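K.L.:
Pasting start.cif here (mmCIF, C-alpha atoms and all ligand atoms):
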data_final
#
loop_
_atom_site.label_atom_id
_atom_site.label_comp_id
_atom_site.auth_asym_id
_atom_site.auth_seq_id
_atom_site.Cartn_x
_atom_site.Cartn_y
_atom_site.Cartn_z
CA MET G 985 -25.78 -41.37 60.40
CA LYS G 986 -27.36 -43.53 63.09
CA ILE G 987 -25.71 -43.98 66.47
CA GLU G 988 -24.30 -47.48 65.77
CA THR G 989 -22.48 -46.14 62.69
CA ILE G 990 -21.25 -42.99 64.46
CA ALA G 991 -19.88 -45.17 67.29
CA ILE G 992 -17.71 -47.16 64.88
CA HIS G 993 -16.58 -44.52 62.41
CA ALA G 994 -16.56 -41.06 64.00
CA GLY G 995 -13.60 -41.79 66.30
CA ASN G 996 -11.37 -43.53 63.80
CA LYS G 997 -8.99 -42.15 61.19
CA VAL G 998 -7.23 -44.37 58.65
CA ASP G 999 -3.49 -43.66 59.08
CA LYS G 1000 -2.31 -41.51 56.18
CA SER G 1001 1.20 -42.98 55.91
CA SER G 1002 0.76 -46.70 56.68
CA LYS G 1003 -2.91 -46.94 55.62
CA ALA G 1004 -3.60 -48.82 58.88
CA VAL G 1005 -7.38 -49.15 59.15
CA ILE G 1006 -7.31 -48.64 62.90
CA GLN G 1007 -5.80 -45.34 64.06
CA PRO G 1008 -2.38 -45.84 65.72
CA ILE G 1009 -1.64 -44.59 69.23
CA SER G 1010 0.40 -41.37 68.98
CA LEU G 1011 2.57 -41.39 72.08
CA SER G 1012 4.70 -38.42 71.04
CA THR G 1013 4.20 -35.51 73.40
CA THR G 1014 5.47 -32.97 70.86
CA PHE G 1015 4.90 -32.32 67.16
CA GLU G 1016 7.20 -30.91 64.49
CA ARG G 1017 7.01 -27.26 63.55
CA GLY G 1018 7.13 -26.26 59.88
CA PRO G 1019 9.53 -23.71 58.28
CA GLU G 1020 6.89 -20.98 58.35
CA GLY G 1021 6.34 -21.42 62.11
CA ASP G 1022 3.21 -23.41 61.35
CA TYR G 1023 2.34 -26.91 62.52
CA PRO G 1024 1.58 -28.89 59.37
CA GLY G 1025 0.32 -31.93 61.35
CA GLY G 1026 -2.22 -29.76 63.21
CA TYR G 1027 -0.76 -30.53 66.66
CA ILE G 1028 1.78 -28.72 68.87
CA TYR G 1029 1.97 -30.35 72.30
CA THR G 1030 -0.05 -33.23 73.65
CA ARG G 1031 -1.55 -31.48 76.70
CA ALA G 1032 -3.19 -29.03 74.28
CA ASP G 1033 -4.25 -31.71 71.80
CA ASN G 1034 -3.30 -35.10 70.45
CA PRO G 1035 -4.53 -37.18 67.49
CA ASN G 1036 -6.09 -39.86 69.71
CA ARG G 1037 -7.77 -37.28 71.94
CA SER G 1038 -9.22 -35.38 69.03
CA SER G 1039 -10.63 -38.66 67.63
CA LEU G 1040 -12.23 -39.43 70.99
CA GLU G 1041 -13.67 -35.92 71.19
CA GLN G 1042 -15.03 -36.23 67.63
CA VAL G 1043 -16.97 -39.39 68.36
CA LEU G 1044 -18.23 -38.11 71.72
CA TYR G 1045 -19.83 -34.92 70.41
CA GLN G 1046 -21.39 -36.72 67.48
CA LEU G 1047 -22.89 -39.38 69.75
CA GLU G 1048 -24.49 -36.70 71.93
CA GLY G 1049 -25.55 -34.45 69.05
CA GLY G 1050 -23.41 -31.59 70.35
CA SER G 1051 -20.99 -29.26 68.61
CA ASP G 1052 -17.76 -30.05 70.48
CA ALA G 1053 -16.35 -32.25 73.26
CA CYS G 1054 -13.49 -32.12 75.77
CA ALA G 1055 -12.03 -35.37 77.06
CA PHE G 1056 -10.62 -35.57 80.59
CA SER G 1057 -8.63 -37.99 82.70
CA SER G 1058 -11.71 -38.91 84.78
CA GLY G 1059 -15.40 -38.17 85.14
CA ASN G 1060 -14.64 -36.15 88.26
CA ALA G 1061 -12.11 -34.02 86.35
CA ALA G 1062 -14.80 -33.36 83.72
CA GLY G 1063 -17.41 -32.36 86.30
CA GLY G 1064 -14.85 -30.29 88.21
CA CYS G 1065 -14.00 -28.36 85.04
CA VAL G 1066 -17.61 -27.12 84.84
CA PHE G 1067 -17.43 -25.89 88.45
CA GLN G 1068 -14.06 -24.24 87.73
CA ALA G 1069 -15.47 -22.48 84.68
CA LEU G 1070 -18.14 -20.72 86.80
CA GLU G 1071 -17.29 -17.27 88.09
CA ALA G 1072 -16.41 -17.26 91.81
CA GLY G 1073 -19.45 -16.72 94.01
CA SER G 1074 -21.79 -18.68 91.75
CA HIS G 1075 -24.66 -20.64 93.18
CA ILE G 1076 -25.27 -24.20 91.95
CA ILE G 1077 -28.49 -26.21 92.16
CA ALA G 1078 -27.65 -29.92 92.32
CA PRO G 1079 -29.57 -33.14 92.99
CA ALA G 1080 -29.96 -34.21 96.62
CA ASP G 1081 -28.76 -37.67 95.55
CA MET G 1082 -25.97 -36.43 93.27
CA TYR G 1083 -23.10 -38.88 92.61
CA HIS G 1084 -21.24 -38.63 95.93
CA GLY G 1085 -17.80 -38.04 94.36
CA LEU G 1086 -18.97 -34.86 92.64
CA ARG G 1087 -21.02 -33.78 95.65
CA ASN G 1088 -17.91 -34.13 97.83
CA GLN G 1089 -15.93 -32.17 95.25
CA ILE G 1090 -18.37 -29.24 95.38
CA ASN G 1091 -18.50 -29.39 99.18
CA GLU G 1092 -14.77 -29.71 99.78
CA VAL G 1093 -12.83 -28.35 96.77
CA PHE G 1094 -15.22 -25.49 95.95
CA ARG G 1095 -16.04 -24.58 99.56
CA GLY G 1096 -15.70 -20.80 99.88
CA ILE G 1097 -15.72 -20.43 96.08
CA HIS G 1098 -19.27 -21.42 95.11
CA GLU G 1099 -22.48 -22.04 97.02
CA VAL G 1100 -24.72 -25.03 96.45
CA THR G 1101 -28.28 -26.06 97.24
CA TYR G 1102 -29.12 -29.75 97.00
CA VAL G 1103 -32.70 -30.32 95.88
CA ASP G 1104 -34.93 -33.25 95.03
CA MET G 1105 -34.91 -32.64 91.28
CA THR G 1106 -38.21 -34.51 90.86
CA ASP G 1107 -39.87 -31.67 92.81
CA LEU G 1108 -40.08 -28.85 90.24
CA ALA G 1109 -41.49 -26.33 92.73
CA ALA G 1110 -38.58 -26.99 95.11
CA VAL G 1111 -36.11 -26.48 92.25
CA GLU G 1112 -37.71 -23.18 91.22
CA SER G 1113 -37.73 -21.89 94.78
CA ALA G 1114 -34.02 -22.75 95.16
CA VAL G 1115 -33.11 -20.29 92.39
CA ARG G 1116 -31.14 -17.25 93.62
CA PRO G 1117 -29.84 -14.19 91.75
CA MET G 1118 -26.36 -15.80 91.61
CA THR G 1119 -27.60 -19.23 90.43
CA LYS G 1120 -25.46 -19.96 87.39
CA LEU G 1121 -25.60 -23.74 87.08
CA MET G 1122 -28.27 -26.42 87.35
CA TRP G 1123 -26.69 -29.88 87.60
CA LEU G 1124 -28.83 -32.83 86.56
CA GLU G 1125 -28.19 -36.51 86.99
CA THR G 1126 -30.93 -38.73 85.65
CA PRO G 1127 -31.33 -41.61 86.30
CA SER G 1128 -29.70 -40.72 89.61
CA ASN G 1129 -27.20 -42.69 91.59
CA PRO G 1130 -28.10 -44.94 93.43
CA LEU G 1131 -31.88 -44.35 93.70
CA LEU G 1132 -32.50 -44.24 89.93
CA LYS G 1133 -34.72 -41.18 90.34
CA ILE G 1134 -35.86 -39.69 87.06
CA SER G 1135 -35.92 -35.92 86.71
CA ASP G 1136 -37.96 -34.27 83.99
CA ILE G 1137 -35.21 -32.71 81.85
CA LYS G 1138 -37.49 -30.59 79.63
CA SER G 1139 -39.34 -29.04 82.60
CA LEU G 1140 -36.10 -28.34 84.46
CA VAL G 1141 -34.58 -26.72 81.37
CA LYS G 1142 -37.67 -24.47 81.17
CA ILE G 1143 -37.04 -23.25 84.73
CA ALA G 1144 -33.35 -22.74 83.97
CA ARG G 1145 -34.03 -20.77 80.76
CA LYS G 1146 -36.31 -18.35 82.65
CA HIS G 1147 -33.43 -17.50 84.98
CA ASN G 1148 -30.54 -17.70 82.50
CA ILE G 1149 -29.00 -20.72 84.20
CA ILE G 1150 -26.63 -23.14 82.43
CA VAL G 1151 -27.91 -26.74 82.55
CA ALA G 1152 -25.41 -29.60 82.70
CA CYS G 1153 -26.50 -33.23 82.75
CA ASP G 1154 -24.47 -36.20 83.95
CA ASN G 1155 -25.50 -38.77 81.32
CA THR G 1156 -23.25 -41.56 82.60
CA PHE G 1157 -26.06 -43.97 83.58
CA ALA G 1158 -28.22 -43.48 80.49
CA THR G 1159 -25.57 -43.02 77.75
CA PRO G 1160 -26.44 -41.31 74.45
CA LEU G 1161 -28.11 -44.49 73.21
CA PHE G 1162 -30.90 -44.10 75.76
CA GLN G 1163 -30.95 -40.35 76.50
CA ARG G 1164 -29.83 -37.30 74.56
CA PRO G 1165 -29.83 -34.36 77.00
CA ILE G 1166 -28.80 -31.78 74.37
CA GLU G 1167 -31.90 -32.62 72.30
CA LEU G 1168 -33.92 -32.15 75.51
CA GLY G 1169 -32.48 -28.63 75.95
CA CYS G 1170 -29.37 -29.06 78.13
CA ASP G 1171 -26.26 -26.97 77.45
CA ILE G 1172 -23.59 -29.41 78.59
CA VAL G 1173 -23.49 -33.19 78.88
CA MET G 1174 -21.03 -34.84 81.24
CA HIS G 1175 -19.81 -38.44 81.23
CA SER G 1176 -17.67 -40.70 83.25
CA THR G 1177 -16.42 -42.58 80.18
CA THR G 1178 -14.95 -45.04 82.70
CA LYS G 1179 -18.41 -46.62 82.72
CA TYR G 1180 -20.57 -47.67 79.74
CA LEU G 1181 -18.70 -45.80 77.00
CA GLY G 1182 -15.34 -47.42 77.80
CA GLY G 1183 -17.35 -50.46 78.83
CA HIS G 1184 -14.66 -52.86 80.05
CA SER G 1185 -13.69 -51.50 83.51
CA ASP G 1186 -10.10 -50.96 82.35
CA VAL G 1187 -9.77 -47.25 81.54
CA LEU G 1188 -10.62 -44.14 83.57
CA GLY G 1189 -11.93 -41.12 81.71
CA GLY G 1190 -14.42 -38.30 81.56
CA ALA G 1191 -15.96 -35.98 79.02
CA LEU G 1192 -17.93 -32.80 78.52
CA ILE G 1193 -19.96 -32.19 75.40
CA THR G 1194 -21.44 -28.82 74.51
CA ARG G 1195 -24.48 -27.72 72.59
CA ASP G 1196 -22.80 -24.44 71.52
CA LYS G 1197 -19.23 -23.30 71.24
CA ASN G 1198 -20.03 -20.24 73.39
CA ASP G 1199 -17.91 -18.26 75.88
CA PHE G 1200 -18.58 -20.73 78.69
CA TRP G 1201 -17.28 -23.50 76.44
CA LYS G 1202 -14.17 -21.46 75.62
CA ARG G 1203 -13.49 -21.25 79.37
CA ILE G 1204 -13.89 -25.03 79.64
CA ARG G 1205 -11.44 -25.64 76.77
CA ASN G 1206 -8.98 -23.24 78.34
CA ILE G 1207 -9.21 -24.98 81.73
CA GLN G 1208 -8.80 -28.38 80.06
CA GLU G 1209 -5.56 -27.23 78.45
CA LEU G 1210 -4.13 -25.17 81.31
CA SER G 1211 -5.10 -27.46 84.20
CA GLY G 1212 -4.01 -30.46 82.16
CA ALA G 1213 -6.39 -33.15 83.52
CA VAL G 1214 -6.27 -34.80 80.11
CA PRO G 1215 -6.40 -38.51 79.23
CA SER G 1216 -3.29 -40.22 77.83
CA PRO G 1217 -3.25 -41.27 74.15
CA LEU G 1218 -3.56 -44.91 75.25
CA ASP G 1219 -6.61 -44.07 77.41
CA CYS G 1220 -8.17 -42.25 74.44
CA TYR G 1221 -7.46 -45.19 72.14
CA LEU G 1222 -9.03 -47.67 74.58
CA THR G 1223 -12.09 -45.47 75.08
CA VAL G 1224 -12.57 -45.06 71.32
CA ARG G 1225 -12.29 -48.84 70.97
CA GLY G 1226 -14.87 -49.39 73.72
CA ILE G 1227 -17.26 -46.88 72.16
CA LYS G 1228 -17.39 -48.89 68.90
CA THR G 1229 -19.48 -51.61 70.56
CA PHE G 1230 -21.30 -49.52 73.15
CA PRO G 1231 -24.71 -49.32 71.42
CA TYR G 1232 -24.91 -53.13 71.21
CA ARG G 1233 -23.60 -53.61 74.72
CA MET G 1234 -26.20 -51.14 76.02
CA LYS G 1235 -29.06 -53.05 74.42
CA ALA G 1236 -27.87 -56.22 76.19
CA HIS G 1237 -27.34 -54.40 79.53
CA ALA G 1238 -30.88 -53.01 79.39
CA ALA G 1239 -32.53 -56.30 78.38
CA ASN G 1240 -30.76 -58.13 81.23
CA ALA G 1241 -31.53 -55.39 83.75
CA GLN G 1242 -35.24 -55.46 82.87
CA LYS G 1243 -35.38 -59.25 83.43
CA ILE G 1244 -33.49 -59.01 86.72
CA ALA G 1245 -35.63 -56.10 87.95
CA GLU G 1246 -38.79 -58.09 87.23
CA TYR G 1247 -37.34 -61.16 88.97
CA LEU G 1248 -36.32 -59.16 92.07
CA ASN G 1249 -39.65 -57.32 92.14
CA GLN G 1250 -41.55 -60.53 92.90
CA HIS G 1251 -38.99 -61.99 95.34
CA SER G 1252 -40.19 -62.48 98.91
CA SER G 1253 -36.84 -61.34 100.40
CA VAL G 1254 -36.81 -58.07 98.45
CA GLU G 1255 -38.52 -55.00 99.93
CA LYS G 1256 -38.27 -52.69 96.91
CA VAL G 1257 -36.67 -52.46 93.47
CA TYR G 1258 -35.51 -49.19 91.89
CA TYR G 1259 -35.46 -49.53 88.11
CA PRO G 1260 -37.07 -47.02 85.72
CA GLY G 1261 -38.15 -49.82 83.36
CA LEU G 1262 -40.64 -51.11 85.96
CA SER G 1263 -44.11 -49.60 85.58
CA SER G 1264 -44.24 -49.27 89.39
CA HIS G 1265 -41.23 -46.91 89.36
CA PRO G 1266 -42.42 -43.34 90.19
CA GLY G 1267 -40.40 -41.92 87.27
CA HIS G 1268 -41.47 -44.58 84.77
CA GLU G 1269 -43.68 -42.32 82.63
CA ILE G 1270 -41.13 -39.52 82.38
CA ALA G 1271 -38.43 -42.10 81.65
CA MET G 1272 -40.50 -43.56 78.82
CA ASP G 1273 -40.97 -40.03 77.43
CA GLN G 1274 -37.39 -38.78 77.60
CA MET G 1275 -35.41 -42.04 77.37
CA HIS G 1276 -35.19 -44.72 74.70
CA GLY G 1277 -34.37 -47.51 77.14
CA SER G 1278 -33.85 -47.99 80.88
CA SER G 1279 -30.12 -48.82 80.85
CA GLY G 1280 -28.37 -51.39 83.01
CA MET G 1281 -28.35 -49.96 86.53
CA LEU G 1282 -30.74 -50.95 89.29
CA SER G 1283 -30.86 -50.92 93.07
CA PHE G 1284 -32.90 -52.98 95.50
CA LEU G 1285 -33.67 -53.08 99.20
CA VAL G 1286 -33.18 -56.42 100.92
CA LYS G 1287 -35.88 -57.18 103.52
CA GLY G 1288 -34.35 -56.72 106.97
CA GLY G 1289 -31.40 -54.40 107.44
CA ILE G 1290 -27.72 -53.96 106.73
CA GLY G 1291 -26.94 -57.49 107.99
CA GLU G 1292 -29.23 -59.17 105.45
CA ALA G 1293 -28.02 -56.90 102.63
CA LEU G 1294 -24.37 -57.70 103.40
CA LYS G 1295 -25.18 -61.44 103.45
CA VAL G 1296 -26.56 -61.20 99.92
CA ALA G 1297 -23.55 -59.15 98.79
CA ASN G 1298 -21.19 -61.75 100.28
CA ASN G 1299 -23.12 -64.68 98.77
CA VAL G 1300 -23.05 -63.73 95.07
CA LYS G 1301 -20.67 -65.72 92.90
CA ILE G 1302 -20.95 -64.41 89.32
CA PHE G 1303 -21.51 -60.79 90.36
CA ALA G 1304 -18.29 -59.24 91.65
CA GLN G 1305 -18.79 -57.37 94.90
CA ALA G 1306 -17.23 -54.12 93.73
CA THR G 1307 -18.03 -50.49 93.09
CA SER G 1308 -18.23 -48.75 89.68
CA LEU G 1309 -20.49 -49.72 86.80
CA GLY G 1310 -20.89 -50.04 83.09
CA GLY G 1311 -18.49 -52.90 82.37
CA VAL G 1312 -19.50 -56.10 80.58
CA GLU G 1313 -19.25 -57.98 83.90
CA SER G 1314 -21.97 -57.68 86.55
CA LEU G 1315 -21.14 -55.87 89.78
CA LEU G 1316 -23.04 -55.60 93.04
CA GLU G 1317 -22.27 -53.37 95.99
CA HIS G 1318 -23.53 -52.32 99.38
CA ARG G 1319 -23.79 -48.69 98.38
CA ALA G 1320 -23.96 -47.00 101.81
CA SER G 1321 -20.55 -48.49 102.73
CA ILE G 1322 -18.98 -46.96 99.61
CA GLU G 1323 -20.57 -43.55 100.17
CA GLY G 1324 -19.35 -43.47 103.77
CA PRO G 1325 -20.48 -41.43 106.79
CA GLY G 1326 -23.33 -39.00 106.19
CA THR G 1327 -24.83 -41.06 103.35
CA LYS G 1328 -28.60 -40.92 102.97
CA THR G 1329 -28.62 -44.19 101.00
CA PRO G 1330 -30.67 -46.85 102.86
CA GLN G 1331 -28.46 -49.34 104.72
CA ASN G 1332 -30.26 -52.31 103.15
CA LEU G 1333 -29.73 -51.07 99.58
CA LEU G 1334 -27.66 -53.03 97.08
CA ARG G 1335 -26.72 -51.37 93.80
CA VAL G 1336 -26.30 -53.55 90.75
CA SER G 1337 -24.50 -52.85 87.51
CA VAL G 1338 -26.05 -55.53 85.32
CA GLY G 1339 -23.52 -56.94 82.88
CA ILE G 1340 -24.05 -58.70 79.60
CA GLU G 1341 -23.64 -62.29 80.79
CA ASN G 1342 -26.63 -64.59 80.25
CA ALA G 1343 -29.53 -63.17 82.31
CA ASP G 1344 -30.60 -66.64 83.50
CA ASP G 1345 -27.16 -67.24 85.03
CA LEU G 1346 -27.37 -63.89 86.81
CA ILE G 1347 -30.85 -64.66 88.13
CA ASP G 1348 -29.69 -68.10 89.37
CA ASP G 1349 -26.83 -66.37 91.18
CA LEU G 1350 -29.20 -63.90 92.87
CA GLU G 1351 -31.61 -66.73 93.73
CA GLN G 1352 -28.93 -68.62 95.68
CA ALA G 1353 -27.57 -65.40 97.25
CA LEU G 1354 -31.04 -64.40 98.50
CA LYS G 1355 -31.38 -67.69 100.45
CA PHE G 1356 -30.05 -66.44 103.76
C1 LIG T 1 -22.86 -40.94 87.75
C2 LIG T 1 -21.39 -40.73 87.89
N1 LIG T 1 -20.86 -39.56 87.56
C3 LIG T 1 -19.53 -39.32 87.67
C4 LIG T 1 -18.67 -40.30 88.16
C5 LIG T 1 -17.19 -39.99 88.31
O1 LIG T 1 -16.46 -40.62 87.32
P1 LIG T 1 -14.93 -41.07 87.49
O2 LIG T 1 -14.90 -42.17 88.49
O3 LIG T 1 -14.56 -41.50 86.10
O4 LIG T 1 -14.15 -39.90 87.95
C6 LIG T 1 -19.19 -41.54 88.52
C7 LIG T 1 -18.28 -42.59 89.06
O5 LIG T 1 -18.73 -43.56 89.65
C8 LIG T 1 -20.58 -41.77 88.38
O6 LIG T 1 -21.13 -42.94 88.73
#
Represent the structure of the file as structure tokens.
P.N.:
Amino acid sequence: MKIETIAIHAGNKVDKSSKAVIQPISLSTTFERGPEGDYPGGYIYTRADNPNRSSLEQVLYQLEGGSDACAFSSGNAAGGCVFQALEAGSHIIAPADMYHGLRNQINEVFRGIHEVTYVDMTDLAAVESAVRPMTKLMWLETPSNPLLKISDIKSLVKIARKHNIIVACDNTFATPLFQRPIELGCDIVMHSTTKYLGGHSDVLGGALITRDKNDFWKRIRNIQELSGAVPSPLDCYLTVRGIKTFPYRMKAHAANAQKIAEYLNQHSSVEKVYYPGLSSHPGHEIAMDQMHGSSGMLSFLVKGGIGEALKVANNVKIFAQATSLGGVESLLEHRASIEGPGTKTPQNLLRVSVGIENADDLIDDLEQALKF
């Protein structure tokens, strides 16, 4: 089946008793036990599993071409589960511009438990020289947040294989429509389903998808159940519903983002545009090789400094000045303010989550906002 069909059918079960075409939300936290001590419905207790969660997990692993998925209550809970599953004393190689929420988690929650080296993942020699005997995990995020750097997944996997390192890839920005990390050799794919998969900025969630149901995956499943950072049945239902339209939404996000990137790229008040769909982007060739589209995220530097960037952010009318990404509505944010003290993000950078409104309306909005 092709991805558009998987998105609609793999996460839905026609209800056996009512014949409802759309799967109902099973709010019950507990499930009836049979006379033989068995569970004829296949479920025991909702933290361990639930009909809506298993439907969400079904569609997620099929979208990514994996063999199983675990759904979580947030993207950070999903990422954190990978770090928890590592043996204490592990060393992690992670991108220098890793999503700040997960970077802070490694630095603060796993301080004293694991060690980490942050590397520019576009520099293969630097990655290889960061490998230590205890390196157990290579974390990838491509395109990265907020600089839209592209790392060469196949080459990084080659380095990891040589040293027996697990490779996990945060595929939140690209989505499985535009990038399939498991096909490129990764072991684990991570998502904040809060973003493009949910797609409507109204449900928080995260997911891990595995290539193989190996021992590391068994540890992840065990942590999911015992730590209990699981999504509610309603959250699972909403995410499954969002996923049904995600391939079509993604095509619109990418088409709009390409137009906006080209518009910004020729604007006299813009210093630089970061979008992998532009041929001037340093990662453009790798992106064209490993991705099937450039997705809907871009960043740009406003000429001047923080003052000019904040003026633009305050001037937009259709774009909401807000963090997060991946919803149908366009968002724009002054990224350094969100990342807080210690951020390396340029102070004149604005990050844009391009929505699926009409691109001409979005360009008109930017045009008036850039007149400062
Ligand atoms: C690339 C990326 N990964 C992970 C996360 C964390 O996801 P969540 O907010 O669902 O915990 C985010 C959130 O912004 C993100 O942008």
K.L.:
Please identify all polymer residues lying at most 12 Å from the point (-20.8, -48.5, 97.3) (file coordinates), using only C-alpha atoms, and present the result as a PDB file with C-alpha atoms, keeping the file's coordinate frame.
P.N.:
ATOM      1  CA  TYR G1083     -23.100 -38.880  92.610  1.00  0.00           C
ATOM      2  CA  HIS G1084     -21.240 -38.630  95.930  1.00  0.00           C
ATOM      3  CA  GLY G1085     -17.800 -38.040  94.360  1.00  0.00           C
ATOM      4  CA  ASN G1129     -27.200 -42.690  91.590  1.00  0.00           C
ATOM      5  CA  PRO G1130     -28.100 -44.940  93.430  1.00  0.00           C
ATOM      6  CA  SER G1283     -30.860 -50.920  93.070  1.00  0.00           C
ATOM      7  CA  LEU G1294     -24.370 -57.700 103.400  1.00  0.00           C
ATOM      8  CA  ALA G1297     -23.550 -59.150  98.790  1.00  0.00           C
ATOM      9  CA  GLN G1305     -18.790 -57.370  94.900  1.00  0.00           C
ATOM     10  CA  ALA G1306     -17.230 -54.120  93.730  1.00  0.00           C
ATOM     11  CA  THR G1307     -18.030 -50.490  93.090  1.00  0.00           C
ATOM     12  CA  SER G1308     -18.230 -48.750  89.680  1.00  0.00           C
ATOM     13  CA  LEU G1309     -20.490 -49.720  86.800  1.00  0.00           C
ATOM     14  CA  LEU G1315     -21.140 -55.870  89.780  1.00  0.00           C
ATOM     15  CA  LEU G1316     -23.040 -55.600  93.040  1.00  0.00           C
ATOM     16  CA  GLU G1317     -22.270 -53.370  95.990  1.00  0.00           C
ATOM     17  CA  HIS G1318     -23.530 -52.320  99.380  1.00  0.00           C
ATOM     18  CA  ARG G1319     -23.790 -48.690  98.380  1.00  0.00           C
ATOM     19  CA  ALA G1320     -23.960 -47.000 101.810  1.00  0.00           C
ATOM     20  CA  SER G1321     -20.550 -48.490 102.730  1.00  0.00           C
ATOM     21  CA  ILE G1322     -18.980 -46.960  99.610  1.00  0.00           C
ATOM     22  CA  GLU G1323     -20.570 -43.550 100.170  1.00  0.00           C
ATOM     23  CA  GLY G1324     -19.350 -43.470 103.770  1.00  0.00           C
ATOM     24  CA  PRO G1325     -20.480 -41.430 106.790  1.00  0.00           C
ATOM     25  CA  THR G1327     -24.830 -41.060 103.350  1.00  0.00           C
ATOM     26  CA  THR G1329     -28.620 -44.190 101.000  1.00  0.00           C
ATOM     27  CA  PRO G1330     -30.670 -46.850 102.860  1.00  0.00           C
ATOM     28  CA  GLN G1331     -28.460 -49.340 104.720  1.00  0.00           C
ATOM     29  CA  ASN G1332     -30.260 -52.310 103.150  1.00  0.00           C
ATOM     30  CA  LEU G1333     -29.730 -51.070  99.580  1.00  0.00           C
ATOM     31  CA  LEU G1334     -27.660 -53.030  97.080  1.00  0.00           C
ATOM     32  CA  ARG G1335     -26.720 -51.370  93.800  1.00  0.00           C
ATOM     33  CA  VAL G1336     -26.300 -53.550  90.750  1.00  0.00           C
ATOM     34  CA  SER G1337     -24.500 -52.850  87.510  1.00  0.00           C
TER      35      SER G1337
END
K.L.:
Find the residues near ligand LIG 1 (chain T). Use a cut-off of 8 Å, count all atoms listed in the file, and write them as a short mmCIF file (atom, residue, chain, number, x, y, z; two decimals) with C-alpha atoms, in the frame of the given file.
P.N.:
data_model
loop_
_atom_site.label_atom_id
_atom_site.label_comp_id
_atom_site.auth_asym_id
_atom_site.auth_seq_id
_atom_site.Cartn_x
_atom_site.Cartn_y
_atom_site.Cartn_z
CA SER G 1057 -8.63 -37.99 82.70
CA SER G 1058 -11.71 -38.91 84.78
CA GLY G 1059 -15.40 -38.17 85.14
CA ASN G 1060 -14.64 -36.15 88.26
CA ALA G 1061 -12.11 -34.02 86.35
CA ALA G 1062 -14.80 -33.36 83.72
CA GLY G 1063 -17.41 -32.36 86.30
CA MET G 1082 -25.97 -36.43 93.27
CA TYR G 1083 -23.10 -38.88 92.61
CA GLY G 1085 -17.80 -38.04 94.36
CA LEU G 1086 -18.97 -34.86 92.64
CA GLU G 1125 -28.19 -36.51 86.99
CA SER G 1128 -29.70 -40.72 89.61
CA ASN G 1129 -27.20 -42.69 91.59
CA ASP G 1154 -24.47 -36.20 83.95
CA ASN G 1155 -25.50 -38.77 81.32
CA THR G 1156 -23.25 -41.56 82.60
CA PHE G 1157 -26.06 -43.97 83.58
CA MET G 1174 -21.03 -34.84 81.24
CA HIS G 1175 -19.81 -38.44 81.23
CA SER G 1176 -17.67 -40.70 83.25
CA THR G 1177 -16.42 -42.58 80.18
CA THR G 1178 -14.95 -45.04 82.70
CA LYS G 1179 -18.41 -46.62 82.72
CA LEU G 1188 -10.62 -44.14 83.57
CA GLY G 1189 -11.93 -41.12 81.71
CA GLY G 1190 -14.42 -38.30 81.56
CA THR G 1307 -18.03 -50.49 93.09
CA SER G 1308 -18.23 -48.75 89.68
CA LEU G 1309 -20.49 -49.72 86.80
#
K.L.:
Neighbouring residues of Met985 in chain G were defined as those with any atom within 12 Å, considering all atoms listed in the file; residues of the same chain fewer than 6 positions away were excluded. Please report them as a ChimeraX atom specification.
P.N.:
/G:991-994,1046-1047,1049
K.L.:
Would you output that residue set with C-alpha atoms, as a compact mmCIF listing (two decimals), in the coordinates of the input?
P.N.:
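The file below, part11.txt, is the result:
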# COMPACT_ATOMS: atom_id res chain seq x y z
CA ALA G 991 -19.88 -45.17 67.29
CA ILE G 992 -17.71 -47.16 64.88
CA HIS G 993 -16.58 -44.52 62.41
CA ALA G 994 -16.56 -41.06 64.00
CA GLN G 1046 -21.39 -36.72 67.48
CA LEU G 1047 -22.89 -39.38 69.75
CA GLY G 1049 -25.55 -34.45 69.05
K.L.:
In terms of the shortest atom-to-atom distance over all atoms listed in the file, which of G:His1276, G:Arg1225, G:Arg1233, G:Lys1202 is closest to Asp1052 in chain G?
P.N.:
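Answer, going by the shortest atom-to-atom distance: G:Lys1202.
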K.L.:
Select, from G:Ala1343, G:Glu1092, G:Leu1350, G:Met1105, the residue with the minimum atom-to-atom distance to Ala1304 in chain G, counting all atoms listed in the file.
P.N.:
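For Ala1304 in chain G, the nearest of the given residues is G:Leu1350.
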K.L.:
Neighbouring residues of range 1258-1261 of chain G were defined as those with any atom within 8 Å, considering all atoms listed in the file; residues of the same chain fewer than 5 positions away were excluded. Please report them as a compact mmCIF listing (two decimals) with C-alpha atoms, keeping the file's coordinate frame.
P.N.:
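And here's around-v3.txt as it stands now:
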# COMPACT_ATOMS: atom_id res chain seq x y z
CA PRO G 1127 -31.33 -41.61 86.30
CA LEU G 1131 -31.88 -44.35 93.70
CA LEU G 1132 -32.50 -44.24 89.93
CA LYS G 1133 -34.72 -41.18 90.34
CA ILE G 1134 -35.86 -39.69 87.06
CA GLN G 1242 -35.24 -55.46 82.87
CA ALA G 1245 -35.63 -56.10 87.95
CA PRO G 1266 -42.42 -43.34 90.19
CA GLY G 1267 -40.40 -41.92 87.27
CA HIS G 1268 -41.47 -44.58 84.77
CA ALA G 1271 -38.43 -42.10 81.65
CA GLY G 1277 -34.37 -47.51 77.14
CA SER G 1278 -33.85 -47.99 80.88
CA MET G 1281 -28.35 -49.96 86.53
CA LEU G 1282 -30.74 -50.95 89.29
CA SER G 1283 -30.86 -50.92 93.07
CA PHE G 1284 -32.90 -52.98 95.50
K.L.:
Provide the CA of Pro1160 in chain G to CA of Met1272 in chain G distance in Å, to one decimal place.
P.N.:
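Separation between CA of Pro1160 in chain G and CA of Met1272 in chain G: 14.9 Å.
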